$ cat protein16.txt   # compact mmCIF, C-alpha atoms and all ligand atoms
# COMPACT_ATOMS: atom_id res chain seq x y z
CA MET A 1 -1.56 -13.85 -7.19
CA ARG A 2 -3.41 -16.03 -4.72
CA VAL A 3 -2.48 -17.24 -1.26
CA ARG A 4 -4.68 -19.55 0.80
CA GLY A 5 -3.95 -20.75 4.32
CA LEU A 6 -0.22 -20.03 4.12
CA THR A 7 1.81 -21.27 7.10
CA LYS A 8 5.49 -21.22 7.96
CA ARG A 9 7.35 -21.95 11.16
CA TYR A 10 10.97 -21.64 12.17
CA GLY A 11 11.43 -24.20 14.94
CA GLU A 12 9.14 -23.02 17.71
CA VAL A 13 8.35 -19.71 16.00
CA ARG A 14 5.08 -19.76 14.05
CA ALA A 15 5.99 -16.89 11.75
CA VAL A 16 3.00 -17.23 9.38
CA ARG A 17 -0.23 -18.70 10.77
CA GLY A 18 -2.72 -19.01 7.95
CA ILE A 19 -2.52 -16.02 5.63
CA ASP A 20 -4.95 -15.49 2.72
CA LEU A 21 -4.24 -12.85 0.06
CA SER A 22 -5.57 -12.15 -3.42
CA ILE A 23 -3.63 -9.57 -5.41
CA HIS A 24 -5.02 -8.55 -8.77
CA PRO A 25 -3.03 -7.78 -11.93
CA GLY A 26 -2.06 -4.10 -12.18
CA GLU A 27 -2.86 -3.47 -8.52
CA VAL A 28 -0.59 -1.65 -6.06
CA TYR A 29 -0.90 -3.80 -2.95
CA ALA A 30 0.74 -2.79 0.32
CA ILE A 31 1.62 -5.08 3.21
CA LEU A 32 1.89 -3.35 6.57
CA GLY A 33 2.75 -4.70 9.97
CA PRO A 34 5.11 -4.38 12.92
CA ASN A 35 8.58 -5.93 12.88
CA GLY A 36 8.40 -9.70 13.25
CA ALA A 37 4.81 -9.88 11.94
CA GLY A 38 5.72 -12.30 9.15
CA LYS A 39 5.78 -9.89 6.19
CA SER A 40 9.22 -10.79 4.84
CA THR A 41 8.56 -14.50 5.26
CA THR A 42 5.31 -14.18 3.30
CA VAL A 43 6.85 -12.06 0.56
CA GLU A 44 9.91 -14.32 0.23
CA ILE A 45 7.59 -17.31 -0.19
CA LEU A 46 5.74 -15.44 -2.97
CA GLU A 47 9.10 -14.62 -4.62
CA GLY A 48 10.13 -18.28 -4.57
CA TYR A 49 13.01 -17.70 -2.15
CA ARG A 50 11.60 -19.47 0.89
CA ARG A 51 9.77 -22.76 1.34
CA ARG A 52 6.36 -22.82 2.95
CA ASP A 53 5.05 -25.41 5.38
CA GLY A 54 1.41 -25.33 4.33
CA GLY A 55 -1.22 -23.62 2.22
CA GLU A 56 -1.65 -22.93 -1.47
CA VAL A 57 0.23 -20.22 -3.35
CA SER A 58 -0.02 -19.26 -7.01
CA VAL A 59 2.01 -16.41 -8.53
CA LEU A 60 1.53 -15.77 -12.28
CA GLY A 61 -0.07 -19.20 -12.42
CA THR A 62 3.00 -20.94 -10.95
CA ASP A 63 3.66 -22.44 -7.52
CA PRO A 64 6.65 -20.45 -6.20
CA GLY A 65 7.70 -23.61 -4.33
CA ARG A 66 8.74 -24.93 -7.76
CA PRO A 67 10.24 -21.87 -9.43
CA THR A 68 11.55 -21.97 -13.00
CA ARG A 69 14.00 -19.55 -14.58
CA ARG A 70 11.37 -18.35 -17.02
CA TRP A 71 9.00 -17.63 -14.15
CA ARG A 72 11.69 -15.78 -12.20
CA SER A 73 12.37 -13.55 -15.20
CA ARG A 74 8.76 -12.32 -14.96
CA LEU A 75 9.32 -10.99 -11.43
CA GLY A 76 11.17 -7.87 -10.32
CA ILE A 77 12.51 -7.76 -6.80
CA VAL A 78 13.87 -4.76 -4.91
CA LEU A 79 15.26 -6.01 -1.61
CA GLN A 80 15.89 -3.99 1.51
CA THR A 81 19.65 -4.24 1.32
CA ALA A 82 21.24 -1.90 -1.19
CA SER A 83 23.09 -3.27 -4.20
CA ASP A 84 26.78 -4.08 -3.93
CA ALA A 85 28.84 -1.01 -4.50
CA ALA A 86 30.67 -2.18 -7.58
CA GLU A 87 33.37 -0.41 -9.55
CA LEU A 88 30.98 -0.39 -12.51
CA THR A 89 29.18 2.75 -13.57
CA VAL A 90 25.44 3.09 -13.14
CA ARG A 91 24.82 2.53 -16.85
CA GLU A 92 27.16 -0.49 -16.99
CA THR A 93 25.41 -2.05 -14.00
CA VAL A 94 21.95 -1.64 -15.49
CA ARG A 95 23.11 -2.93 -18.91
CA HIS A 96 24.74 -5.92 -17.26
CA PHE A 97 21.48 -6.91 -15.56
CA ALA A 98 19.42 -6.19 -18.68
CA ALA A 99 21.30 -9.00 -20.43
CA TYR A 100 19.75 -11.57 -18.06
CA TYR A 101 16.21 -10.94 -19.32
CA PRO A 102 14.45 -12.00 -22.52
CA ASP A 103 12.77 -8.63 -23.15
CA PRO A 104 14.48 -5.93 -21.09
CA ARG A 105 13.59 -2.26 -20.99
CA ASP A 106 16.02 0.22 -22.50
CA PRO A 107 18.72 0.91 -19.85
CA ASP A 108 18.87 4.65 -20.52
CA GLU A 109 15.09 4.99 -20.38
CA VAL A 110 15.05 3.17 -17.06
CA LEU A 111 17.77 5.46 -15.68
CA ALA A 112 15.72 8.48 -16.72
CA GLN A 113 12.62 6.97 -15.08
CA VAL A 114 14.37 6.56 -11.72
CA GLY A 115 15.97 10.01 -11.98
CA LEU A 116 19.53 8.81 -12.54
CA ALA A 117 20.09 9.95 -16.13
CA GLY A 118 22.60 12.51 -14.89
CA LYS A 119 24.50 9.84 -12.97
CA ALA A 120 24.69 7.21 -15.73
CA GLY A 121 28.46 7.58 -16.04
CA SER A 122 29.16 7.67 -12.27
CA ARG A 123 30.50 4.68 -10.40
CA VAL A 124 27.84 3.06 -8.21
CA ARG A 125 30.33 3.14 -5.32
CA ARG A 126 30.34 6.95 -5.41
CA LEU A 127 26.57 7.41 -5.17
CA SER A 128 24.65 8.53 -2.08
CA GLY A 129 22.47 6.01 -0.23
CA GLY A 130 19.28 7.30 -1.85
CA GLN A 131 20.86 7.22 -5.31
CA ARG A 132 22.02 3.63 -4.80
CA ARG A 133 18.51 2.72 -3.78
CA ARG A 134 17.35 4.10 -7.12
CA VAL A 135 19.88 1.84 -8.84
CA ASP A 136 18.22 -1.06 -6.98
CA VAL A 137 14.86 0.05 -8.30
CA ALA A 138 16.29 0.36 -11.84
CA LEU A 139 17.57 -3.23 -11.57
CA GLY A 140 14.16 -4.32 -10.28
CA ILE A 141 12.33 -2.98 -13.33
CA ILE A 142 14.92 -3.51 -16.11
CA GLY A 143 13.51 -6.94 -16.96
CA ARG A 144 10.00 -5.53 -17.58
CA PRO A 145 8.54 -7.54 -14.68
CA GLU A 146 4.84 -8.41 -14.53
CA ILE A 147 5.04 -8.29 -10.74
CA LEU A 148 7.38 -5.96 -8.89
CA PHE A 149 8.14 -6.61 -5.21
CA LEU A 150 9.32 -3.51 -3.38
CA ASP A 151 10.64 -3.97 0.16
CA GLU A 152 10.85 -0.60 1.93
CA PRO A 153 11.86 1.04 -1.34
CA THR A 154 12.10 4.68 -0.27
CA THR A 155 14.17 4.33 2.89
CA GLY A 156 16.88 7.00 2.66
CA PHE A 157 15.12 9.05 -0.03
CA ASP A 158 14.76 12.79 0.37
CA PRO A 159 11.19 14.11 0.03
CA GLU A 160 11.59 15.06 -3.61
CA ALA A 161 13.04 11.67 -4.53
CA ARG A 162 10.15 9.96 -2.73
CA ARG A 163 7.57 11.95 -4.71
CA ARG A 164 9.38 11.11 -7.91
CA PHE A 165 9.50 7.45 -6.93
CA TRP A 166 5.77 7.46 -6.20
CA ALA A 167 5.12 8.84 -9.67
CA LEU A 168 7.27 6.04 -11.11
CA VAL A 169 5.32 3.38 -9.19
CA ARG A 170 2.03 4.88 -10.42
CA SER A 171 3.24 4.87 -14.00
CA LEU A 172 4.42 1.24 -13.74
CA ALA A 173 1.06 0.27 -12.28
CA GLY A 174 -0.66 2.27 -15.04
CA ASP A 175 1.23 0.14 -17.57
CA GLY A 176 -0.18 -2.98 -15.92
CA THR A 177 2.66 -3.98 -13.56
CA THR A 178 1.41 -5.50 -10.32
CA ILE A 179 3.22 -3.95 -7.35
CA VAL A 180 3.62 -5.59 -3.95
CA LEU A 181 4.94 -3.00 -1.53
CA THR A 182 6.11 -3.47 2.04
CA THR A 183 6.78 -0.22 3.84
CA HIS A 184 6.59 1.43 7.23
CA TYR A 185 5.56 4.77 5.74
CA LEU A 186 1.82 5.15 6.05
CA ASP A 187 1.79 8.22 3.82
CA GLU A 188 3.37 6.04 1.13
CA VAL A 189 0.59 3.49 1.52
CA GLU A 190 -2.01 6.24 1.38
CA ALA A 191 -0.42 7.76 -1.73
CA LEU A 192 0.14 4.54 -3.66
CA ALA A 193 -1.82 1.53 -2.53
CA ASP A 194 -5.10 0.41 -4.07
CA ARG A 195 -5.42 -2.03 -1.19
CA VAL A 196 -3.47 -2.75 1.96
CA SER A 197 -3.30 -5.72 4.22
CA VAL A 198 -2.22 -5.39 7.84
CA ILE A 199 -0.34 -8.40 9.17
CA ALA A 200 0.30 -8.96 12.87
CA ALA A 201 1.62 -12.09 14.60
CA GLY A 202 1.47 -14.09 11.35
CA ARG A 203 -2.14 -13.31 10.46
CA VAL A 204 -4.01 -10.76 8.36
CA VAL A 205 -5.87 -8.56 10.84
CA ALA A 206 -7.44 -6.19 8.29
CA GLU A 207 -7.54 -5.69 4.55
CA GLY A 208 -9.01 -3.07 2.25
CA PRO A 209 -8.41 0.24 0.48
CA PRO A 210 -6.42 2.69 2.70
CA GLY A 211 -9.42 5.03 2.88
CA THR A 212 -11.74 2.48 4.44
CA LEU A 213 -9.29 0.16 6.24
CA GLY A 214 -10.52 -1.06 9.62
CA GLY A 215 -13.76 0.95 9.40
CA ARG A 216 -11.82 4.17 8.91
CA ALA A 217 -14.41 5.85 6.68
CA ALA A 218 -17.13 5.28 9.27
CA ALA A 219 -14.94 6.06 12.29
CA MET A 220 -15.57 9.09 14.46
CA THR A 221 -14.45 12.45 13.14
CA GLU A 222 -13.25 15.07 15.59
CA ILE A 223 -14.63 18.58 15.24
CA THR A 224 -13.21 21.50 17.18
CA TRP A 225 -14.23 25.13 17.31
CA THR A 226 -14.14 28.12 19.65
CA GLU A 227 -17.19 29.23 21.56
CA ASP A 228 -17.45 31.89 24.25
CA GLY A 229 -13.68 32.21 24.09
CA ALA A 230 -13.12 28.53 24.97
CA PRO A 231 -12.07 25.57 22.78
CA ARG A 232 -14.82 22.98 22.19
CA THR A 233 -14.45 19.42 20.88
CA LEU A 234 -16.96 16.91 19.60
CA ALA A 235 -16.54 13.43 18.13
CA THR A 236 -19.17 12.52 15.58
CA GLY A 237 -19.99 9.87 13.01
CA ASP A 238 -21.87 12.48 10.99
CA PRO A 239 -19.47 15.43 10.61
CA THR A 240 -21.30 17.18 7.77
CA ARG A 241 -24.51 17.48 9.76
CA THR A 242 -22.60 18.67 12.83
CA VAL A 243 -20.87 21.41 10.81
CA VAL A 244 -24.16 22.50 9.23
CA GLU A 245 -25.78 22.71 12.69
CA LEU A 246 -22.86 24.69 14.07
CA ALA A 247 -22.94 27.06 11.08
CA ALA A 248 -26.64 27.65 11.69
CA ARG A 249 -25.98 28.29 15.37
CA PHE A 250 -23.26 30.85 14.61
CA GLY A 251 -25.19 32.32 11.70
CA GLY A 252 -22.29 31.67 9.28
CA GLU A 253 -18.59 31.36 9.99
CA ILE A 254 -17.71 28.87 12.79
CA PRO A 255 -14.82 30.34 14.82
CA GLY A 256 -11.63 28.20 14.80
CA LEU A 257 -13.29 25.27 12.99
CA THR A 258 -11.21 22.11 12.41
CA VAL A 259 -12.51 18.76 11.12
CA THR A 260 -10.14 15.82 11.58
CA ARG A 261 -10.78 12.35 10.26
CA PRO A 262 -8.80 9.47 11.79
CA THR A 263 -5.51 9.05 9.94
CA LEU A 264 -4.32 5.77 8.48
CA GLU A 265 -1.77 5.75 11.30
CA ASP A 266 -4.53 5.99 13.94
CA VAL A 267 -6.34 3.07 12.35
CA TYR A 268 -3.17 1.03 11.89
CA LEU A 269 -2.05 1.47 15.49
CA ARG A 270 -5.49 0.45 16.73
CA LEU A 271 -5.48 -2.64 14.49
CA ILE A 272 -2.12 -3.97 15.69
CA LYS A 273 -2.66 -3.09 19.35
CA GLY A 274 -3.40 -6.09 21.47
CA VAL A 275 -2.64 -8.67 18.76
CA ARG A 276 -0.63 -11.25 20.63
CA ASP A 277 1.43 -14.31 19.88
CA GLU A 278 -0.69 -17.02 21.38
P1 LIG B 1 8.64 -9.07 9.33
O1 LIG B 1 9.13 -9.07 7.92
O2 LIG B 1 7.18 -8.73 9.44
O3 LIG B 1 9.48 -8.23 10.25
P2 LIG B 1 9.61 -11.81 9.42
O4 LIG B 1 8.88 -12.60 8.40
O5 LIG B 1 10.99 -11.35 9.09
O6 LIG B 1 8.71 -10.58 9.88
O7 LIG B 1 9.71 -12.67 10.76
C1 LIG B 1 8.60 -13.29 11.39
C2 LIG B 1 9.09 -14.12 12.58
O8 LIG B 1 9.91 -15.20 12.12
C3 LIG B 1 9.95 -13.34 13.55
O9 LIG B 1 9.66 -13.81 14.85
C4 LIG B 1 11.36 -13.70 13.15
O10 LIG B 1 12.24 -13.61 14.24
C5 LIG B 1 11.21 -15.12 12.67
N1 LIG B 1 12.17 -15.47 11.60
C6 LIG B 1 12.27 -14.88 10.39
N2 LIG B 1 13.21 -15.48 9.64
C7 LIG B 1 13.75 -16.48 10.39
C8 LIG B 1 14.77 -17.46 10.19
N3 LIG B 1 15.43 -17.54 9.02
N4 LIG B 1 15.03 -18.31 11.20
C9 LIG B 1 14.36 -18.25 12.36
N5 LIG B 1 13.39 -17.36 12.63
C10 LIG B 1 13.08 -16.47 11.66
$ encode --input "protein16.txt" --output "structure tokens" --more "lines below"
Ligand code: ADP
Amino acid sequence: MRVRGLTKRYGEVRAVRGIDLSIHPGEVYAILGPNGAGKSTTVEILEGYRRRDGGEVSVLGTDPGRPTRRWRSRLGIVLQTASDAAELTVRETVRHFAAYYPDPRDPDEVLAQVGLAGKAGSRVRRLSGGQRRRVDVALGIIGRPEILFLDEPTTGFDPEARRRFWALVRSLAGDGTTIVLTTHYLDEVEALADRVSVIAAGRVVAEGPPGTLGGRAAAMTEITWTEDGAPRTLATGDPTRTVVELAARFGGEIPGLTVTRPTLEDVYLRLIKGVRDE
């Protein structure tokens, strides 16, 4: 998937102002950014649901500005809004959607994968919000998509369901599915994404693996300890050496030692701070 110089405006609003992205097959790629940054516009253009003004876009070798049915059947899309609460059962719903695809997955296997095997006979209308979301995910993967777009997929999940969902995403990626994930949960990005791009005011402001995004790996680490009964703090770019020096000074155990690297959230907030619509 390749995007070069993508632009889109809505009247006076320049929602996307020249975005470049390259997403590799089998990669889990996260798109982060504040509300209004242009994420949905970008993703909807990739999905073939919104027209662009400028730039080049290729998804599975096709221009999404000229989508075909065959091309659409190779994509899986899990939108933010939950599926319609039909009178159908969970299994009926998934079977119904399976029929739209040339080579669908087995509906019961998919229900087991999303943790809904025990709810297969329940009406979708009777499910909890998190369970309905899992139906959405089941419908997103039933067609055996080559690329799966997930828009805030775990909103409303309890912690156990989120962990289970993460394992599912990893196994799909392990089978070669490319995953494009938009989320506000930075722990989700850290747990899942091979690479992340941060979008603010219609532009990519940083891109890379979560561990090194925005110079994170090289950023200052905070070390705290207790000395002479008082808390001490030091910021260092070379934490290992600092700890070794402290250990030597104390002749072993360093009282109250903590070593804190900047979190992805710290880095993210710094990246989007001060990015303005100009
Ligand atoms: P995000 O997904 O990052 O929250 P969006 O792509 O939804 O950002 O929106 C980017 C900008 O474009 C925002 O200023 C938003 O108000 C505007 N926008 C989005 N969709 C439309 C639309 N259909 N008509 C007019 N303005 C829109």
$ residues_near_ligand --input "protein16.txt" --ligand "ligand LIG 1 (chain B)" --cutoff "10 Å" --atoms "all atoms listed in the file" --output "VMD selection string"
chain A and resid 8 to 16 31 to 45 50 151 182 199 to 202 277
$ closest_residue --input "protein16.txt" --among "A:Ala235, A:Leu246, A:Val267, A:Val169" --to "Glu207 in chain A" --atoms "all atoms listed in the file"
A:Val267
$ atom_distance --input "protein16.txt" --atom1 "CA of Glu87 in chain A" --atom2 "CA of Arg125 in chain A"
6.3 Å
$ closest_residue --input "protein16.txt" --among "A:Val137, A:Ile142, A:Gln80, A:Asp194" --to "Glu109 in chain A" --atoms "only C-alpha atoms"
A:Ile142
$ axis_aligned_box --input "protein16.txt" --around "range 231-239 of chain A" --padding-each-side "6 Å" --output "AutoDock Vina command-line options"
--center_x -17.0 --center_y 17.7 --center_z 16.7 --size_x 21.8 --size_y 27.7 --size_z 24.2
$ atom_distance --input "protein16.txt" --atom1 "CA of Leu172 in chain A" --atom2 "CA of His184 in chain A"
21.1 Å
$ residues_around --input "protein16.txt" --residues "Val259 in chain A" --least-positions-apart "4" --cutoff "10 Å" --atoms "only C-alpha atoms" --output "list of chain:residue names"
A:Thr221, A:Glu222, A:Ile223, A:Thr224, A:Trp225, A:Thr233, A:Leu234, A:Ala235, A:Pro239, A:Thr240, A:Val243
$ closest_residue --input "protein16.txt" --among "A:Leu269, A:Leu264, A:Val90, A:Val59" --to "Ala217 in chain A" --atoms "all atoms listed in the file"
A:Leu264
